[in-house]
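Dropping data38.cif in here (mmCIF, C-alpha atoms):
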```cif
data_my_file
#
loop_
_atom_site.label_atom_id
_atom_site.label_comp_id
_atom_site.auth_asym_id
_atom_site.auth_seq_id
_atom_site.Cartn_x
_atom_site.Cartn_y
_atom_site.Cartn_z
CA MET M 3 13.45 -8.70 -23.60
CA PHE M 4 10.51 -8.30 -21.23
CA GLU M 5 8.44 -6.16 -23.57
CA ASN M 6 8.66 -8.74 -26.37
CA PHE M 7 7.84 -11.56 -23.95
CA VAL M 8 4.68 -9.77 -22.76
CA TYR M 9 3.34 -9.04 -26.23
CA GLU M 10 4.36 -12.34 -27.83
CA ASN M 11 2.49 -14.21 -25.09
CA CYS M 12 -0.46 -11.78 -24.83
CA LEU M 13 0.21 -11.11 -21.13
CA GLY M 14 -1.14 -7.57 -20.99
CA LYS M 15 0.30 -4.22 -22.02
CA ILE M 16 3.29 -1.99 -21.29
CA GLU M 17 3.46 1.78 -21.20
CA LYS M 18 6.70 3.74 -21.47
CA ASP M 19 5.47 7.31 -21.11
CA LYS M 20 4.33 7.17 -17.49
CA SER M 21 5.95 8.44 -14.32
CA PHE M 22 5.43 7.93 -10.60
CA LYS M 23 3.46 11.18 -10.68
CA ASP M 24 0.79 9.34 -12.66
CA ILE M 25 0.36 6.32 -10.40
CA THR M 26 1.15 7.44 -6.83
CA THR M 27 -1.02 9.47 -4.46
CA ILE M 28 1.83 11.87 -3.58
CA LYS M 29 2.07 12.86 -7.28
CA ALA M 30 5.86 12.98 -7.37
CA GLY M 31 8.70 11.02 -8.92
CA GLY M 32 10.43 10.32 -12.20
CA LYS M 33 9.70 8.34 -15.32
CA ILE M 34 9.22 4.58 -15.38
CA LYS M 35 10.97 2.52 -18.05
CA TYR M 36 8.28 -0.20 -18.18
CA LEU M 37 4.85 0.14 -16.56
CA TYR M 38 3.30 -3.31 -16.88
CA TYR M 39 -0.47 -3.91 -16.75
CA PRO M 40 -1.13 -7.67 -16.38
CA LYS M 41 -4.10 -8.96 -18.37
CA ASP M 42 -5.14 -11.44 -15.68
CA ILE M 43 -3.72 -13.62 -12.89
CA SER M 44 -2.41 -16.26 -15.29
CA SER M 45 -0.57 -13.58 -17.26
CA LEU M 46 0.84 -12.09 -14.06
CA MET M 47 2.17 -15.51 -13.00
CA LYS M 48 3.98 -16.00 -16.30
CA ALA M 49 5.36 -12.47 -16.40
CA TYR M 50 6.52 -12.60 -12.78
CA GLU M 51 8.29 -15.92 -13.32
CA TYR M 52 10.08 -14.40 -16.34
CA ILE M 53 11.10 -11.32 -14.32
CA ILE M 54 12.57 -13.39 -11.49
CA LYS M 55 14.22 -15.98 -13.75
CA ASN M 56 15.95 -13.23 -15.73
CA ASN M 57 16.87 -11.25 -12.64
CA LEU M 58 15.09 -8.12 -13.90
CA LYS M 59 14.66 -5.10 -11.68
CA TYR M 60 11.04 -4.70 -10.66
CA ASN M 61 8.65 -3.34 -8.08
CA ILE M 62 4.94 -3.66 -7.37
CA ILE M 63 2.36 -0.90 -7.03
CA GLY M 64 -1.33 -1.22 -6.25
CA ASN M 65 -3.19 1.99 -5.51
CA GLY M 66 0.05 3.98 -5.17
CA SER M 67 -0.47 5.14 -1.59
CA ASN M 68 2.38 4.77 0.93
CA VAL M 69 4.85 4.88 -2.00
CA LEU M 70 7.55 7.39 -2.93
CA GLY M 71 9.20 6.86 -6.32
CA PHE M 72 12.46 8.74 -6.73
CA ASP M 73 13.04 11.45 -9.35
CA ASP M 74 15.55 9.58 -11.50
CA GLU M 75 14.05 7.33 -14.17
CA TYR M 76 13.24 3.93 -12.76
CA GLN M 77 15.31 1.52 -14.85
CA GLY M 78 13.07 -1.47 -14.36
CA ILE M 79 9.52 -2.81 -14.42
CA ILE M 80 6.66 -1.54 -12.30
CA ILE M 81 3.95 -4.19 -12.04
CA TYR M 82 0.70 -2.22 -11.76
CA LEU M 83 -1.87 -4.36 -9.96
CA LYS M 84 -4.68 -1.80 -9.93
CA SER M 85 -5.53 -2.88 -13.48
CA LEU M 86 -6.61 -6.39 -12.40
CA ASN M 87 -10.22 -7.39 -11.81
CA GLU M 88 -11.95 -7.12 -8.47
CA GLU M 89 -13.69 -10.26 -7.21
CA TYR M 90 -15.36 -11.21 -3.94
CA LYS M 91 -17.66 -14.08 -3.03
CA ILE M 92 -19.02 -15.82 0.03
CA ILE M 93 -18.65 -19.60 0.16
CA ASP M 94 -20.22 -21.15 3.27
CA ASP M 95 -18.61 -19.32 6.21
CA LYS M 96 -15.72 -17.83 4.22
CA ILE M 97 -15.28 -14.72 2.09
CA PHE M 98 -12.79 -14.88 -0.77
CA VAL M 99 -11.54 -11.52 -2.02
CA THR M 100 -8.98 -10.68 -4.68
CA ALA M 101 -6.21 -8.33 -3.59
CA PHE M 102 -7.05 -5.68 -6.17
CA ILE M 103 -10.15 -4.11 -4.60
CA SER M 104 -10.13 -0.84 -2.65
CA SER M 105 -10.00 -1.45 1.10
CA THR M 106 -12.60 1.22 1.85
CA LYS M 107 -14.90 -0.07 -0.91
CA LEU M 108 -14.64 -3.59 0.50
CA ALA M 109 -15.61 -2.41 3.97
CA SER M 110 -18.57 -0.50 2.53
CA ILE M 111 -19.86 -3.39 0.39
CA PHE M 112 -19.99 -5.90 3.23
CA SER M 113 -21.16 -3.53 5.96
CA LYS M 114 -24.30 -2.97 3.86
CA GLU M 115 -24.80 -6.77 3.85
CA GLY M 116 -24.65 -7.00 7.65
CA ILE M 117 -21.11 -8.38 7.67
CA THR M 118 -18.45 -6.70 9.82
CA THR M 119 -15.45 -8.76 8.69
CA PHE M 120 -13.80 -5.72 7.10
CA LYS M 121 -14.67 -2.98 9.59
CA SER M 122 -10.94 -2.60 10.31
CA LEU M 123 -10.60 -1.24 6.75
CA ILE M 124 -13.09 1.63 7.08
CA GLY M 125 -11.31 4.73 5.84
CA ILE M 126 -8.09 2.88 4.94
CA PRO M 127 -6.63 3.97 1.56
CA GLY M 128 -5.11 1.57 -0.96
CA LEU M 129 -5.97 -1.92 -2.15
CA LEU M 130 -6.57 -5.02 -0.06
CA GLY M 131 -3.22 -6.57 -1.05
CA GLY M 132 -1.35 -3.60 0.40
CA ALA M 133 -3.50 -3.71 3.53
CA ILE M 134 -2.54 -7.37 4.06
CA TYR M 135 1.13 -6.70 3.26
CA ASN M 136 1.30 -3.95 5.92
CA ASN M 137 -1.37 -5.40 8.25
CA CYS M 138 -3.30 -2.12 8.13
CA GLY M 139 -6.17 -1.27 10.42
CA ASN M 140 -8.09 1.30 12.42
CA GLN M 141 -9.67 1.58 15.87
CA TYR M 142 -11.59 -1.65 15.17
CA GLY M 143 -8.41 -3.72 14.83
CA ALA M 144 -6.19 -4.97 12.01
CA ILE M 145 -6.97 -6.70 8.70
CA SER M 146 -5.28 -9.87 9.98
CA ASP M 147 -7.85 -10.27 12.80
CA ASN M 148 -10.40 -12.10 10.61
CA LEU M 149 -7.97 -13.45 8.02
CA LEU M 150 -7.85 -17.21 7.36
CA ASP M 151 -5.26 -17.54 4.59
CA VAL M 152 -3.54 -15.64 1.79
CA THR M 153 -2.87 -16.73 -1.80
CA TYR M 154 0.21 -15.30 -3.48
CA ILE M 155 2.50 -15.88 -6.46
CA ASP M 156 5.98 -16.97 -5.40
CA SER M 157 9.25 -16.25 -7.18
CA HIS M 158 8.83 -19.38 -9.35
CA GLY M 159 5.46 -18.23 -10.68
CA ASN M 160 3.54 -20.73 -8.54
CA LEU M 161 0.37 -20.09 -6.55
CA ILE M 162 0.96 -20.61 -2.83
CA VAL M 163 -1.58 -20.55 0.00
CA ARG M 164 -0.39 -19.80 3.54
CA ARG M 165 -2.46 -19.82 6.72
CA ARG M 166 -2.71 -16.76 8.91
CA ASP M 167 -0.51 -18.31 11.61
CA GLU M 168 2.31 -18.69 9.07
CA LEU M 169 2.39 -15.01 8.14
CA ASP M 170 4.00 -13.38 11.19
CA PHE M 171 1.53 -10.53 11.53
CA SER M 172 2.34 -7.68 13.89
CA TYR M 173 1.87 -3.92 13.90
CA ARG M 174 2.19 -2.74 10.27
CA HIS M 175 4.11 -5.91 9.39
CA SER M 176 3.69 -9.31 7.79
CA THR M 177 6.07 -12.00 6.59
CA PHE M 178 5.58 -10.69 3.03
CA HIS M 179 8.12 -7.98 3.91
CA ASN M 180 10.78 -10.68 4.00
CA PHE M 181 10.55 -12.42 0.62
CA GLU M 182 9.57 -11.93 -3.01
CA GLY M 183 5.98 -12.61 -3.92
CA ILE M 184 2.72 -10.98 -5.07
CA ILE M 185 -0.44 -11.22 -2.97
CA ILE M 186 -3.43 -11.96 -5.20
CA GLY M 187 -6.24 -12.94 -2.81
CA ALA M 188 -7.30 -14.04 0.64
CA ASN M 189 -9.99 -15.86 2.60
CA PHE M 190 -11.66 -14.29 5.63
CA ARG M 191 -14.14 -15.38 8.27
CA VAL M 192 -17.73 -14.25 7.82
CA ILE M 193 -18.47 -12.11 10.88
CA LYS M 194 -22.10 -11.09 10.97
CA GLY M 195 -23.26 -7.95 12.70
CA GLU M 196 -24.28 -4.40 12.11
CA ILE M 197 -22.07 -1.36 11.73
CA ASP M 198 -24.13 1.64 12.73
CA GLU M 199 -24.31 3.83 9.63
CA ASP M 200 -23.76 6.93 11.76
CA VAL M 201 -20.60 5.37 13.21
CA TYR M 202 -19.40 4.44 9.72
CA LYS M 203 -19.98 7.97 8.44
CA ARG M 204 -18.37 9.47 11.54
CA ILE M 205 -15.16 7.47 11.00
CA LEU M 206 -14.96 8.62 7.38
CA ASN M 207 -15.79 12.21 8.35
CA ASP M 208 -13.23 12.19 11.18
CA ARG M 209 -10.56 11.07 8.73
CA LYS M 210 -11.63 13.76 6.27
CA LEU M 211 -11.34 16.42 8.98
CA ALA M 212 -8.09 15.08 10.45
CA GLN M 213 -6.22 14.07 7.30
CA PRO M 214 -5.13 16.29 4.38
CA ILE M 215 -7.05 14.46 1.66
CA GLU M 216 -7.33 17.70 -0.32
CA ASN M 217 -3.57 17.57 -1.02
CA PRO M 218 -1.47 14.80 -2.60
CA ASN M 219 0.02 12.68 0.20
CA MET M 220 1.19 9.14 0.94
CA GLY M 221 -0.82 8.49 4.07
CA SER M 222 0.96 8.14 7.40
CA ILE M 223 4.72 8.56 7.01
CA PHE M 224 5.96 6.97 10.23
CA LYS M 225 4.87 4.00 12.30
CA ASN M 226 3.53 4.79 15.75
CA ASN M 227 5.67 4.03 18.77
CA ARG M 228 4.22 1.71 21.41
CA LEU M 229 4.18 4.59 23.88
CA PHE M 230 3.16 7.54 21.71
CA PRO M 231 1.93 8.33 18.19
CA ALA M 232 4.36 9.64 15.56
CA TRP M 233 2.41 12.88 15.12
CA ARG M 234 3.07 13.76 18.77
CA VAL M 235 6.81 13.35 18.22
CA ILE M 236 6.70 15.64 15.17
CA ASP M 237 4.64 18.20 17.06
CA SER M 238 7.21 18.11 19.87
CA LEU M 239 9.75 19.19 17.25
CA ASN M 240 7.49 22.14 16.26
CA MET M 241 7.48 20.92 12.66
CA ARG M 242 3.76 21.02 11.90
CA GLY M 243 3.48 23.20 8.79
CA TYR M 244 7.23 23.07 8.06
CA GLU M 245 7.80 23.41 4.31
CA LEU M 246 10.72 22.44 2.09
CA ASN M 247 10.49 23.33 -1.62
CA GLY M 248 6.81 22.48 -1.88
CA ALA M 249 6.86 19.47 0.44
CA ALA M 250 5.26 20.23 3.79
CA VAL M 251 4.30 18.66 7.08
CA SER M 252 0.51 18.86 7.08
CA MET M 253 -1.15 21.35 9.40
CA LYS M 254 -4.04 18.92 9.77
CA HIS M 255 -1.99 15.87 10.76
CA ALA M 256 1.72 16.08 11.52
CA ASN M 257 2.38 12.48 10.43
CA PHE M 258 1.36 13.37 6.85
CA ILE M 259 3.60 15.07 4.32
CA ILE M 260 1.77 16.83 1.52
CA ASN M 261 2.83 17.90 -1.95
CA MET M 262 1.85 21.58 -2.03
CA LYS M 263 3.68 22.98 -5.04
CA ASP M 264 4.75 20.21 -7.39
CA ALA M 265 7.46 19.08 -4.97
CA LYS M 266 10.10 16.69 -6.17
CA SER M 267 10.64 13.35 -4.48
CA LYS M 268 14.09 14.46 -3.31
CA ASP M 269 12.48 17.29 -1.31
CA ILE M 270 9.94 14.93 0.25
CA PHE M 271 12.74 12.50 1.07
CA LEU M 272 14.88 15.29 2.57
CA LEU M 273 11.97 16.41 4.74
CA ILE M 274 11.35 12.88 5.98
CA ASN M 275 15.01 12.50 6.90
CA LEU M 276 15.12 15.92 8.57
CA ILE M 277 12.22 14.85 10.81
CA LYS M 278 14.01 11.57 11.62
CA GLU M 279 17.29 13.31 12.45
CA LYS M 280 15.64 15.92 14.68
CA ALA M 281 13.56 13.26 16.47
CA LEU M 282 16.69 11.23 17.22
CA ASN M 283 18.99 14.12 18.11
CA GLU M 284 16.54 16.22 20.10
CA LEU M 285 14.24 13.62 21.62
CA GLY M 286 16.16 10.36 21.39
CA VAL M 287 13.28 8.84 19.40
CA LEU M 288 13.92 6.60 16.40
CA LEU M 289 11.13 7.05 13.86
CA GLU M 290 10.60 4.26 11.34
CA GLU M 291 8.95 4.88 7.98
CA GLU M 292 5.68 3.20 7.13
CA ILE M 293 6.06 4.13 3.47
CA LYS M 294 8.00 2.34 0.73
CA TYR M 295 10.75 3.90 -1.39
CA ILE M 296 11.22 2.92 -5.04
CA TYR M 297 14.46 3.86 -6.78
#
```

Rewrite the coordinates I just gave you, this time as structure tokens.
Amino acid sequence: MFENFVYENCLGKIEKDKSFKDITTIKAGGKIKYLYYPKDISSLMKAYEYIIKNNLKYNIIGNGSNVLGFDDEYQGIIIYLKSLNEEYKIIDDKIFVTAFISSTKLASIFSKEGITTFKSLIGIPGLLGGAIYNNCGNQYGAISDNLLDVTYIDSHGNLIVRRRDELDFSYRHSTFHNFEGIIIGANFRVIKGEIDEDVYKRILNDRKLAQPIENPNMGSIFKNNRLFPAWRVIDSLNMRGYELNGAAVSMKHANFIINMKDAKSKDIFLLINLIKEKALNELGVLLEEEIKYIY
């Protein structure tokens, strides 16, 4: 039994009274059978190997953004990476960073040191590991632009290092979408330069004005098309402000769904699928989710 294995080997702790409401930014979803907090990387490696070897149902959550956990109890293990220690250090011309630090915090720390390596993470929610997994970015580019290599735990509990050119980065995609593993850290180039503080503040302020941060949300719901942004498609369907049982398309940004009135995950899911169906049937546009479902 996983719980016994964790405690007998001092690999961290498990909580049984938590739900997806507690650990996701949309604040919706059902109970979780086992919420696992690894003690450290070594513990995570051992626990992950046990999970895979015993074919246990599991999923991974960092900051809980871009995630929708369903309403039914999750009959498996959620590995909660936000509990692990942050670490970053410069060695010669490289920066090593663990995957468990806030993307926005990372950008802020190094911009103050005259290093622009992480300017593509200004205003990006979530942890670095999730940013690498989805190749997140902003108007300055993508996280993969200055990436050298990524360290992850494979399905055998081993530490593996893969170079950037082995990771198949593209828009909101990396090779990590295609196999089991847990990103734990990465090396980046040191890019020296100044980020104008006014520009930095303007980006953050623009996001505050344009995104519904005052309401629980998951971040952007759909990936942008090469020809036009997803919010423009949703606006073309006249769905800005559309509400379904407490789940609503944000008036601030049509590619955000907000939880207005303690909405259930099923209502959020229904709204997402309604948008997809209308986009396809009325406009001939296939929208693809950027978020991850856990059920």

Inset, instruction - For the structure shown, which residues end up in the PyMOL selection byres ((chain M and resi 43) around 10)? Put them as JSON, numbers by chain, please? - result: {"M": [13, 40, 41, 42, 44, 45, 46, 47, 48, 49, 83, 86, 87, 155, 161, 186]}

Legend entry - Near-M:Ser85 list (10 Å; only C-alpha atoms; drop same-chain fewer than 4 positions) as a ChimeraX atom specification: /M:14,38-42,64-65,81,102

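Residue nearest M:Ile103 within the list M:Pro231, M:Gly71, M:Gly131, M:Gly143: M:Gly131 [criterion: smallest interatomic distance, only C-alpha atoms].
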
Inset, instruction - Would you kindly return, as a PyMOL selection string, each protein, DNA or RNA residue with an atom no farther than 10 Å from any atom of M:Asn226, considering all atoms listed in the file and excluding same-chain residues fewer than 3 positions away? - result: chain M and resi 173-174+222-223+229-235+257+289-292

Legend entry - Spatial neighbours of M:Ile197, max dist 10 Å, all atoms listed in the file, sep filter under 3 positions, as a PyMOL selection string: chain M and resi 110+112-118+121+194+200-202

Legend entry - Computed interatomic separation between atom CA of M:Asn207 and atom CA of M:Ala133 (Å): 20.7 Å

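With atom CA of M:Ile80 on one side and atom CA of M:Cys138 on the other, the separation reads 22.7 Å.
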
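Taking only C-alpha atoms into account, M:Ile93 lies nearest to M:Asn189 out of the set M:Asn6, M:Ser67, M:Asn189, M:Ser122.
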
Legend entry - Residue list as a PyMOL selection string for point (9.1, 7.1, -14.2), cut-off 7 Å, only C-alpha atoms: chain M and resi 20-22+31-35+75-76

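Interatomic distance, atom CA of M:Arg165 against atom CA of M:Gly187: 12.3 Å.
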
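Among the candidates M:Met3, M:Leu129, M:Ile111, M:Ala188, the residue lying nearest to M:Val99 is M:Ala188 (atoms considered: all atoms listed in the file).
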
Legend entry - Residues returned when the PyMOL selection byres ((chain M and resi 267-274) around 7) runs on this file, as a PyMOL selection string: chain M and resi 30-31+70-73+246-247+249+265-266+275-278

Written-out stretch 176-204 of chain M (N, CA and C atoms) as a short mmCIF file (atom, residue, chain, number, x, y, z; two decimals), in the first residue's frame:
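And here is the file that came out, part_10.cif:
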```cif
data_model
loop_
_atom_site.label_atom_id
_atom_site.label_comp_id
_atom_site.auth_asym_id
_atom_site.auth_seq_id
_atom_site.Cartn_x
_atom_site.Cartn_y
_atom_site.Cartn_z
N SER M 176 6.05 20.33 -25.37
CA SER M 176 7.38 19.73 -25.24
C SER M 176 7.22 18.22 -25.31
N THR M 177 8.33 17.53 -25.42
CA THR M 177 8.28 16.07 -25.50
C THR M 177 7.77 15.45 -24.20
N PHE M 178 7.76 16.20 -23.11
CA PHE M 178 7.27 15.68 -21.83
C PHE M 178 5.78 15.34 -21.89
N HIS M 179 5.08 15.86 -22.88
CA HIS M 179 3.66 15.51 -23.07
C HIS M 179 3.51 14.05 -23.50
N ASN M 180 4.59 13.44 -23.96
CA ASN M 180 4.48 12.13 -24.61
C ASN M 180 4.94 10.95 -23.77
N PHE M 181 5.45 11.18 -22.57
CA PHE M 181 5.90 10.05 -21.75
C PHE M 181 5.82 10.40 -20.27
N GLU M 182 5.93 9.38 -19.43
CA GLU M 182 5.84 9.58 -18.00
C GLU M 182 7.18 10.06 -17.44
N GLY M 183 7.11 11.06 -16.60
CA GLY M 183 8.31 11.58 -15.97
C GLY M 183 7.97 12.83 -15.16
N ILE M 184 8.88 13.24 -14.28
CA ILE M 184 8.67 14.42 -13.45
C ILE M 184 9.86 15.35 -13.59
N ILE M 185 9.63 16.54 -14.11
CA ILE M 185 10.69 17.54 -14.26
C ILE M 185 11.09 18.05 -12.87
N ILE M 186 12.39 18.05 -12.58
CA ILE M 186 12.82 18.52 -11.27
C ILE M 186 13.80 19.70 -11.34
N GLY M 187 14.36 19.98 -12.51
CA GLY M 187 15.29 21.11 -12.60
C GLY M 187 15.77 21.32 -14.02
N ALA M 188 16.47 22.42 -14.23
CA ALA M 188 16.96 22.73 -15.58
C ALA M 188 18.14 23.70 -15.50
N ASN M 189 18.96 23.66 -16.54
CA ASN M 189 20.04 24.62 -16.71
C ASN M 189 19.71 25.59 -17.83
N PHE M 190 20.06 26.86 -17.62
CA PHE M 190 19.78 27.91 -18.59
C PHE M 190 21.05 28.72 -18.86
N ARG M 191 21.10 29.36 -20.01
CA ARG M 191 22.18 30.29 -20.29
C ARG M 191 22.04 31.54 -19.42
N VAL M 192 23.17 32.10 -19.03
CA VAL M 192 23.15 33.41 -18.38
C VAL M 192 23.13 34.47 -19.47
N ILE M 193 22.04 35.21 -19.56
CA ILE M 193 21.92 36.31 -20.52
C ILE M 193 21.90 37.61 -19.73
N LYS M 194 22.95 38.38 -19.86
CA LYS M 194 23.05 39.62 -19.09
C LYS M 194 22.41 40.77 -19.86
N GLY M 195 21.81 41.65 -19.10
CA GLY M 195 21.13 42.81 -19.68
C GLY M 195 20.19 43.40 -18.66
N GLU M 196 19.58 44.47 -19.04
CA GLU M 196 18.68 45.16 -18.12
C GLU M 196 17.25 45.07 -18.64
N ILE M 197 16.34 44.79 -17.73
CA ILE M 197 14.92 44.91 -18.03
C ILE M 197 14.44 46.19 -17.37
N ASP M 198 14.04 47.14 -18.18
CA ASP M 198 13.56 48.41 -17.65
C ASP M 198 12.46 48.15 -16.63
N GLU M 199 12.64 48.68 -15.43
CA GLU M 199 11.67 48.42 -14.35
C GLU M 199 10.27 48.88 -14.74
N ASP M 200 10.20 49.97 -15.49
CA ASP M 200 8.88 50.46 -15.93
C ASP M 200 8.24 49.47 -16.89
N VAL M 201 9.06 48.86 -17.76
CA VAL M 201 8.55 47.85 -18.70
C VAL M 201 8.06 46.64 -17.93
N TYR M 202 8.86 46.22 -16.94
CA TYR M 202 8.50 45.06 -16.11
C TYR M 202 7.16 45.30 -15.42
N LYS M 203 7.03 46.47 -14.80
CA LYS M 203 5.80 46.80 -14.09
C LYS M 203 4.63 46.93 -15.06
N ARG M 204 4.89 47.45 -16.25
CA ARG M 204 3.82 47.60 -17.24
C ARG M 204 3.27 46.25 -17.67
#
```
